[in-house]
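Asker: Okay, here's the structure, questions in a sec.
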Amino acid sequence: MILEEFSKEKDSIINPWNFIEKLPGVPKVAISCYSFVTFDRMLASFEKCEQIWEFKVANQRIPIYKVARDGKEYVLFNCDVGAPAAAGCVEELYQLGIETMIIFGTCGVLDSSIDDCAIIIPDMAVRDEGTSYHYAPASDEIEVNKTISKDGITVPSIKDTFIALLEETGIRYTIGKVWTTDAMYRETREKMEARKKAGCVAVDMECSALAAVAQFRGKNVFSFFYAADNLDTDEWDSRSLGNYDKIEEKDVIAELAIQLADRITE
């Protein structure tokens, strides 16, 4: 099978370092989300904001910002949607000098008991997309939210740090497996029931790919979700899937991502 043709070779025909240089002084931690509404509101919450770079694709440009609050600086960007596009974003940003990505967004729930806008932390992902197979050997699943230690130095798990933050603030959360697919209009009921049986609690479009990219490059990525549409019903329920639905609740979730960045930034 084509997807089993994994290559460990780090050099490809085209690489990010062929046309992107390290950016001096770039913050090591980046925060991102997929909703443009939540992103704009999050960007406006920072005391200082400066565009430092631009991610260019054929049909759009994604500005990359350096932001500051309470004496700490981060990179902030609005990640493109879908496994291949999101992987391209983080590849180039890793090349700029970023070491850790915090990325959050909506997901569909496969368990109707998970409340709308509730926090979901994935620990494994089903690889129902193509991108991850170019960064990791073929397998049905991949561990996600692993923390990569540098130079043999053990560092606190970002996932554990986030869980501690949620516990302190009294925010409920679910930890579980996510089904990552790149074909949102082919999430059939038969597939959904199979993924539920395999232990999945949610479905998204990027998580397994971003985990594979980070592990291949020796970088960190921490992905978490807030629950949106419910697939675990007789009829699909969109709940708060729309960008403008429950904006204030999503602001709280964005603030959690910023507070997590605070805690892992020296």
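The chains in the structure tokens are called A, B, ... from first to last as shown; in each chain the residues are counted from 1, and the ligands are counted from 1 in the order shown.
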Write out as a list in words which residues come within 9 Å of Val90 of chain A when counting only C-alpha atoms, dropping same-chain ones fewer than 3 positions away.
Answerer: Cys79, Ala85, Ala86, Ala87, Leu93, Tyr94, Gln95, Ile98, Met101, Leu210, Val213 and Ala214 of chain A
Asker: Please identify which residues in segment 6-255 of chain A DSSP calls strand (DSSP E or B) from the backbone, and express them as an mmCIF file with N, CA and C atoms, in the first residue's frame.
Answerer:
```cif
data_model
loop_
_atom_site.group_PDB
_atom_site.id
_atom_site.type_symbol
_atom_site.label_atom_id
_atom_site.label_comp_id
_atom_site.auth_asym_id
_atom_site.auth_seq_id
_atom_site.Cartn_x
_atom_site.Cartn_y
_atom_site.Cartn_z
ATOM 1 N N VAL A 29 7.223 29.687 22.047
ATOM 2 C CA VAL A 29 5.886 29.101 22.195
ATOM 3 C C VAL A 29 4.893 29.827 21.294
ATOM 4 N N ALA A 30 4.118 29.063 20.559
ATOM 5 C CA ALA A 30 3.086 29.629 19.690
ATOM 6 C C ALA A 30 1.712 29.151 20.158
ATOM 7 N N ILE A 31 0.728 30.025 19.991
ATOM 8 C CA ILE A 31 -0.670 29.712 20.314
ATOM 9 C C ILE A 31 -1.481 29.876 19.036
ATOM 10 N N SER A 32 -2.373 28.934 18.785
ATOM 11 C CA SER A 32 -3.169 29.027 17.566
ATOM 12 C C SER A 32 -4.541 28.403 17.770
ATOM 13 N N CYS A 33 -5.480 28.830 16.930
ATOM 14 C CA CYS A 33 -6.799 28.211 16.880
ATOM 15 C C CYS A 33 -7.248 28.199 15.427
ATOM 16 N N LYS A 48 0.457 44.037 23.497
ATOM 17 C CA LYS A 48 1.309 44.383 22.368
ATOM 18 C C LYS A 48 1.132 43.351 21.264
ATOM 19 N N CYS A 49 1.176 43.821 20.043
ATOM 20 C CA CYS A 49 0.981 42.939 18.901
ATOM 21 C C CYS A 49 1.782 43.468 17.718
ATOM 22 N N GLU A 50 2.578 42.587 17.106
ATOM 23 C CA GLU A 50 3.409 42.988 15.977
ATOM 24 C C GLU A 50 3.453 41.848 14.968
ATOM 25 N N GLN A 51 3.126 42.132 13.716
ATOM 26 C CA GLN A 51 3.255 41.099 12.697
ATOM 27 C C GLN A 51 4.733 40.911 12.375
ATOM 28 N N ILE A 52 5.204 39.652 12.451
ATOM 29 C CA ILE A 52 6.631 39.376 12.259
ATOM 30 C C ILE A 52 6.909 38.507 11.038
ATOM 31 N N TRP A 53 5.863 37.924 10.480
ATOM 32 C CA TRP A 53 6.074 37.035 9.336
ATOM 33 C C TRP A 53 4.726 36.781 8.682
ATOM 34 N N GLU A 54 4.739 36.061 7.578
ATOM 35 C CA GLU A 54 3.515 35.778 6.852
ATOM 36 C C GLU A 54 3.624 34.410 6.194
ATOM 37 N N PHE A 55 2.654 33.566 6.478
ATOM 38 C CA PHE A 55 2.588 32.250 5.855
ATOM 39 C C PHE A 55 1.790 32.393 4.566
ATOM 40 N N LYS A 56 2.419 32.062 3.416
ATOM 41 C CA LYS A 56 1.785 32.280 2.123
ATOM 42 C C LYS A 56 1.421 30.952 1.468
ATOM 43 N N VAL A 57 0.167 30.863 1.027
ATOM 44 C CA VAL A 57 -0.277 29.725 0.231
ATOM 45 C C VAL A 57 -0.927 30.274 -1.030
ATOM 46 N N GLN A 60 -4.302 32.351 -0.070
ATOM 47 C CA GLN A 60 -4.434 33.243 1.075
ATOM 48 C C GLN A 60 -3.074 33.513 1.706
ATOM 49 N N ARG A 61 -3.061 34.486 2.605
ATOM 50 C CA ARG A 61 -1.885 34.787 3.409
ATOM 51 C C ARG A 61 -2.295 34.762 4.872
ATOM 52 N N ILE A 62 -1.481 34.105 5.682
ATOM 53 C CA ILE A 62 -1.771 33.997 7.109
ATOM 54 C C ILE A 62 -0.720 34.790 7.872
ATOM 55 N N PRO A 63 -1.094 35.919 8.467
ATOM 56 C CA PRO A 63 -0.107 36.713 9.219
ATOM 57 C C PRO A 63 0.297 36.009 10.513
ATOM 58 N N ILE A 64 1.564 36.139 10.845
ATOM 59 C CA ILE A 64 2.114 35.575 12.070
ATOM 60 C C ILE A 64 2.498 36.739 12.987
ATOM 61 N N TYR A 65 1.978 36.729 14.200
ATOM 62 C CA TYR A 65 2.161 37.846 15.126
ATOM 63 C C TYR A 65 3.040 37.457 16.312
ATOM 64 N N LYS A 66 3.799 38.439 16.802
ATOM 65 C CA LYS A 66 4.421 38.331 18.115
ATOM 66 C C LYS A 66 3.588 39.172 19.061
ATOM 67 N N VAL A 67 3.119 38.547 20.135
ATOM 68 C CA VAL A 67 2.251 39.244 21.082
ATOM 69 C C VAL A 67 2.891 39.195 22.463
ATOM 70 N N ALA A 68 2.494 40.122 23.316
ATOM 71 C CA ALA A 68 3.073 40.184 24.653
ATOM 72 C C ALA A 68 1.998 40.506 25.675
ATOM 73 N N ARG A 69 2.142 39.890 26.842
ATOM 74 C CA ARG A 69 1.256 40.184 27.967
ATOM 75 C C ARG A 69 1.970 39.805 29.253
ATOM 76 N N LYS A 72 5.565 38.466 29.059
ATOM 77 C CA LYS A 72 5.876 37.247 28.308
ATOM 78 C C LYS A 72 5.429 37.396 26.858
ATOM 79 N N GLU A 73 6.223 36.830 25.953
ATOM 80 C CA GLU A 73 5.946 36.953 24.528
ATOM 81 C C GLU A 73 5.631 35.587 23.916
ATOM 82 N N TYR A 74 4.708 35.599 22.950
ATOM 83 C CA TYR A 74 4.329 34.390 22.241
ATOM 84 C C TYR A 74 4.156 34.708 20.764
ATOM 85 N N VAL A 75 4.132 33.662 19.970
ATOM 86 C CA VAL A 75 3.692 33.777 18.587
ATOM 87 C C VAL A 75 2.207 33.430 18.556
ATOM 88 N N LEU A 76 1.454 34.155 17.754
ATOM 89 C CA LEU A 76 0.021 33.907 17.616
ATOM 90 C C LEU A 76 -0.316 33.842 16.136
ATOM 91 N N PHE A 77 -1.042 32.798 15.728
ATOM 92 C CA PHE A 77 -1.458 32.689 14.331
ATOM 93 C C PHE A 77 -2.763 31.917 14.238
ATOM 94 N N ASN A 78 -3.485 32.153 13.160
ATOM 95 C CA ASN A 78 -4.773 31.500 12.894
ATOM 96 C C ASN A 78 -4.511 30.334 11.943
ATOM 97 N N THR A 100 7.382 24.944 20.546
ATOM 98 C CA THR A 100 6.151 24.371 21.102
ATOM 99 C C THR A 100 4.932 25.073 20.534
ATOM 100 N N MET A 101 3.961 24.286 20.078
ATOM 101 C CA MET A 101 2.689 24.805 19.582
ATOM 102 C C MET A 101 1.561 24.408 20.532
ATOM 103 N N ILE A 102 0.703 25.346 20.837
ATOM 104 C CA ILE A 102 -0.555 25.066 21.536
ATOM 105 C C ILE A 102 -1.667 25.384 20.546
ATOM 106 N N ILE A 103 -2.435 24.380 20.149
ATOM 107 C CA ILE A 103 -3.458 24.555 19.113
ATOM 108 C C ILE A 103 -4.789 24.011 19.620
ATOM 109 N N PHE A 104 -5.828 24.814 19.489
ATOM 110 C CA PHE A 104 -7.140 24.368 19.957
ATOM 111 C C PHE A 104 -8.220 24.709 18.934
ATOM 112 N N GLY A 105 -9.305 23.969 19.012
ATOM 113 C CA GLY A 105 -10.408 24.210 18.090
ATOM 114 C C GLY A 105 -11.586 23.309 18.402
ATOM 115 N N THR A 106 -12.603 23.402 17.573
ATOM 116 C CA THR A 106 -13.798 22.594 17.784
ATOM 117 C C THR A 106 -13.550 21.142 17.402
ATOM 118 N N CYS A 107 -14.445 20.282 17.888
ATOM 119 C CA CYS A 107 -14.475 18.891 17.446
ATOM 120 C C CYS A 107 -15.915 18.417 17.522
ATOM 121 N N GLY A 108 -16.218 17.383 16.771
ATOM 122 C CA GLY A 108 -17.510 16.734 16.901
ATOM 123 C C GLY A 108 -17.432 15.681 17.992
ATOM 124 N N VAL A 109 -18.468 15.535 18.784
ATOM 125 C CA VAL A 109 -18.433 14.533 19.853
ATOM 126 C C VAL A 109 -19.134 13.252 19.403
ATOM 127 N N ILE A 119 -14.286 20.886 27.435
ATOM 128 C CA ILE A 119 -12.900 20.663 27.037
ATOM 129 C C ILE A 119 -12.635 19.168 26.832
ATOM 130 N N ILE A 120 -11.959 18.849 25.739
ATOM 131 C CA ILE A 120 -11.543 17.478 25.455
ATOM 132 C C ILE A 120 -10.040 17.479 25.208
ATOM 133 N N ILE A 121 -9.328 16.602 25.919
ATOM 134 C CA ILE A 121 -7.886 16.472 25.767
ATOM 135 C C ILE A 121 -7.607 15.108 25.142
ATOM 136 N N PRO A 122 -7.119 15.080 23.913
ATOM 137 C CA PRO A 122 -6.826 13.784 23.294
ATOM 138 C C PRO A 122 -5.516 13.196 23.793
ATOM 139 N N ASP A 123 -5.502 11.869 23.955
ATOM 140 C CA ASP A 123 -4.255 11.191 24.306
ATOM 141 C C ASP A 123 -3.813 10.212 23.220
ATOM 142 N N MET A 124 -4.743 9.830 22.344
ATOM 143 C CA MET A 124 -4.448 9.005 21.178
ATOM 144 C C MET A 124 -5.301 9.516 20.031
ATOM 145 N N ALA A 125 -4.863 9.233 18.791
ATOM 146 C CA ALA A 125 -5.642 9.641 17.627
ATOM 147 C C ALA A 125 -5.653 8.525 16.595
ATOM 148 N N VAL A 126 -6.841 8.254 16.053
ATOM 149 C CA VAL A 126 -6.968 7.338 14.926
ATOM 150 C C VAL A 126 -6.548 8.085 13.664
ATOM 151 N N ARG A 127 -5.678 7.492 12.881
ATOM 152 C CA ARG A 127 -5.055 8.175 11.738
ATOM 153 C C ARG A 127 -5.874 7.939 10.456
ATOM 154 N N ASP A 128 -7.016 8.573 10.371
ATOM 155 C CA ASP A 128 -7.873 8.447 9.188
ATOM 156 C C ASP A 128 -7.658 9.654 8.275
ATOM 157 N N GLU A 141 -3.234 4.029 14.887
ATOM 158 C CA GLU A 141 -3.324 5.099 15.872
ATOM 159 C C GLU A 141 -1.938 5.673 16.159
ATOM 160 N N ILE A 142 -1.944 6.866 16.742
ATOM 161 C CA ILE A 142 -0.694 7.508 17.165
ATOM 162 C C ILE A 142 -0.929 8.189 18.509
ATOM 163 N N GLU A 143 0.066 8.120 19.372
ATOM 164 C CA GLU A 143 -0.022 8.837 20.644
ATOM 165 C C GLU A 143 0.087 10.329 20.374
ATOM 166 N N LYS A 150 14.367 17.969 25.473
ATOM 167 C CA LYS A 150 15.516 18.464 24.726
ATOM 168 C C LYS A 150 16.819 18.158 25.463
ATOM 169 N N ILE A 153 17.025 16.405 28.807
ATOM 170 C CA ILE A 153 16.449 17.049 29.990
ATOM 171 C C ILE A 153 14.957 16.722 30.073
ATOM 172 N N TYR A 173 -13.463 18.377 32.169
ATOM 173 C CA TYR A 173 -12.792 17.984 30.932
ATOM 174 C C TYR A 173 -12.908 16.474 30.744
ATOM 175 N N THR A 174 -12.674 16.048 29.526
ATOM 176 C CA THR A 174 -12.655 14.632 29.165
ATOM 177 C C THR A 174 -11.327 14.324 28.486
ATOM 178 N N ILE A 175 -10.706 13.224 28.875
ATOM 179 C CA ILE A 175 -9.494 12.747 28.213
ATOM 180 C C ILE A 175 -9.865 11.503 27.415
ATOM 181 N N GLY A 176 -9.447 11.448 26.161
ATOM 182 C CA GLY A 176 -9.800 10.279 25.374
ATOM 183 C C GLY A 176 -9.194 10.291 23.987
ATOM 184 N N LYS A 177 -9.559 9.286 23.246
ATOM 185 C CA LYS A 177 -9.062 9.098 21.887
ATOM 186 C C LYS A 177 -9.896 9.915 20.906
ATOM 187 N N VAL A 178 -9.231 10.475 19.889
ATOM 188 C CA VAL A 178 -9.919 11.261 18.873
ATOM 189 C C VAL A 178 -9.775 10.561 17.525
ATOM 190 N N TRP A 179 -10.766 10.703 16.712
ATOM 191 C CA TRP A 179 -10.747 10.187 15.342
ATOM 192 C C TRP A 179 -10.432 11.360 14.419
ATOM 193 N N THR A 180 -9.240 11.343 13.813
ATOM 194 C CA THR A 180 -8.849 12.412 12.897
ATOM 195 C C THR A 180 -9.118 11.960 11.466
ATOM 196 N N THR A 181 -9.955 12.697 10.766
ATOM 197 C CA THR A 181 -10.288 12.373 9.384
ATOM 198 C C THR A 181 -10.144 13.615 8.519
ATOM 199 N N CYS A 200 -13.068 6.053 20.629
ATOM 200 C CA CYS A 200 -13.011 7.483 20.310
ATOM 201 C C CYS A 200 -14.167 8.241 20.952
ATOM 202 N N VAL A 201 -13.856 9.432 21.456
ATOM 203 C CA VAL A 201 -14.886 10.283 22.056
ATOM 204 C C VAL A 201 -15.188 11.495 21.197
ATOM 205 N N ALA A 202 -14.346 11.747 20.174
ATOM 206 C CA ALA A 202 -14.514 12.955 19.366
ATOM 207 C C ALA A 202 -13.911 12.730 17.981
ATOM 208 N N VAL A 203 -14.245 13.644 17.059
ATOM 209 C CA VAL A 203 -13.689 13.608 15.713
ATOM 210 C C VAL A 203 -13.175 14.994 15.339
ATOM 211 N N ASP A 204 -11.989 15.030 14.702
ATOM 212 C CA ASP A 204 -11.417 16.298 14.266
ATOM 213 C C ASP A 204 -10.741 16.076 12.919
ATOM 214 N N ASN A 220 7.410 20.133 19.964
ATOM 215 C CA ASN A 220 6.227 19.883 20.779
ATOM 216 C C ASN A 220 4.975 20.483 20.158
ATOM 217 N N VAL A 221 3.880 19.746 20.247
ATOM 218 C CA VAL A 221 2.573 20.299 19.921
ATOM 219 C C VAL A 221 1.595 19.791 20.968
ATOM 220 N N PHE A 222 0.759 20.702 21.457
ATOM 221 C CA PHE A 222 -0.301 20.309 22.380
ATOM 222 C C PHE A 222 -1.628 20.719 21.765
ATOM 223 N N SER A 223 -2.465 19.711 21.497
ATOM 224 C CA SER A 223 -3.778 19.955 20.898
ATOM 225 C C SER A 223 -4.868 19.684 21.923
ATOM 226 N N PHE A 224 -5.835 20.583 21.985
ATOM 227 C CA PHE A 224 -7.034 20.288 22.766
ATOM 228 C C PHE A 224 -8.243 20.858 22.033
ATOM 229 N N PHE A 225 -9.422 20.404 22.441
ATOM 230 C CA PHE A 225 -10.647 20.777 21.745
ATOM 231 C C PHE A 225 -11.684 21.330 22.705
ATOM 232 N N TYR A 226 -12.641 22.044 22.122
ATOM 233 C CA TYR A 226 -13.889 22.309 22.825
ATOM 234 C C TYR A 226 -15.004 21.691 21.996
ATOM 235 N N ALA A 227 -15.884 20.971 22.682
ATOM 236 C CA ALA A 227 -16.917 20.180 22.006
ATOM 237 C C ALA A 227 -17.873 21.073 21.232
ATOM 238 N N ALA A 228 -18.200 20.646 20.040
ATOM 239 C CA ALA A 228 -19.167 21.390 19.216
ATOM 240 C C ALA A 228 -20.285 20.447 18.790
ATOM 241 N N ASP A 229 -20.353 20.110 17.508
ATOM 242 C CA ASP A 229 -21.483 19.324 17.015
ATOM 243 C C ASP A 229 -21.502 17.914 17.607
ATOM 244 N N ASN A 230 -22.717 17.384 17.711
ATOM 245 C CA ASN A 230 -22.934 16.069 18.307
ATOM 246 C C ASN A 230 -23.325 15.072 17.220
ATOM 247 N N ASP A 237 -26.606 17.123 15.265
ATOM 248 C CA ASP A 237 -26.910 18.330 16.032
ATOM 249 C C ASP A 237 -25.690 19.253 15.989
#
```
Asker: Find the residue from A:Val144, A:Ala194, A:Met205, A:Ala211 that sits nearest to Glu91 of chain A; use only C-alpha atoms when measuring.
Answerer: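 When distances to Glu91 of chain A are compared using only C-alpha atoms, the smallest one comes from A:Ala211.
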Asker: Identify all residues of segment 49-264 of chain A in alpha helix (DSSP H) (DSSP on the backbone) and supply them as a ChimeraX atom specification.
Answerer: /A:83-96,158-169,189-197,207-217,247-264
Asker: Where does segment 172-215 of chain A meet segment 231-236 of chain A within 9 Å, residue by residue, with the nearest atom pair and distance in Å to one decimal for each, counting only C-alpha atoms, listed by chain and rising number, as a Markdown table?
Answerer:
```
| residue | atom | partner | partner_atom | distance |
| --- | --- | --- | --- | --- |
| A:Arg189 | CA | A:Leu231 | CA | 8.4 |
| A:Met192 | CA | A:Leu231 | CA | 7.9 |
| A:Glu193 | CA | A:Asp232 | CA | 8.8 |
| A:Ala202 | CA | A:Leu231 | CA | 8.9 |
```
Asker: Next, the residues of the selection above should be written as a CSV table (one decimal), in the first residue's frame with C-alpha atoms.
Answerer:
```
chain,number,residue,atom,x,y,z
A,189,ARG,CA,-22.8,6.4,10.8
A,192,MET,CA,-18.8,6.7,13.6
A,193,GLU,CA,-20.1,3.6,15.4
A,202,ALA,CA,-14.5,13.0,19.4
```
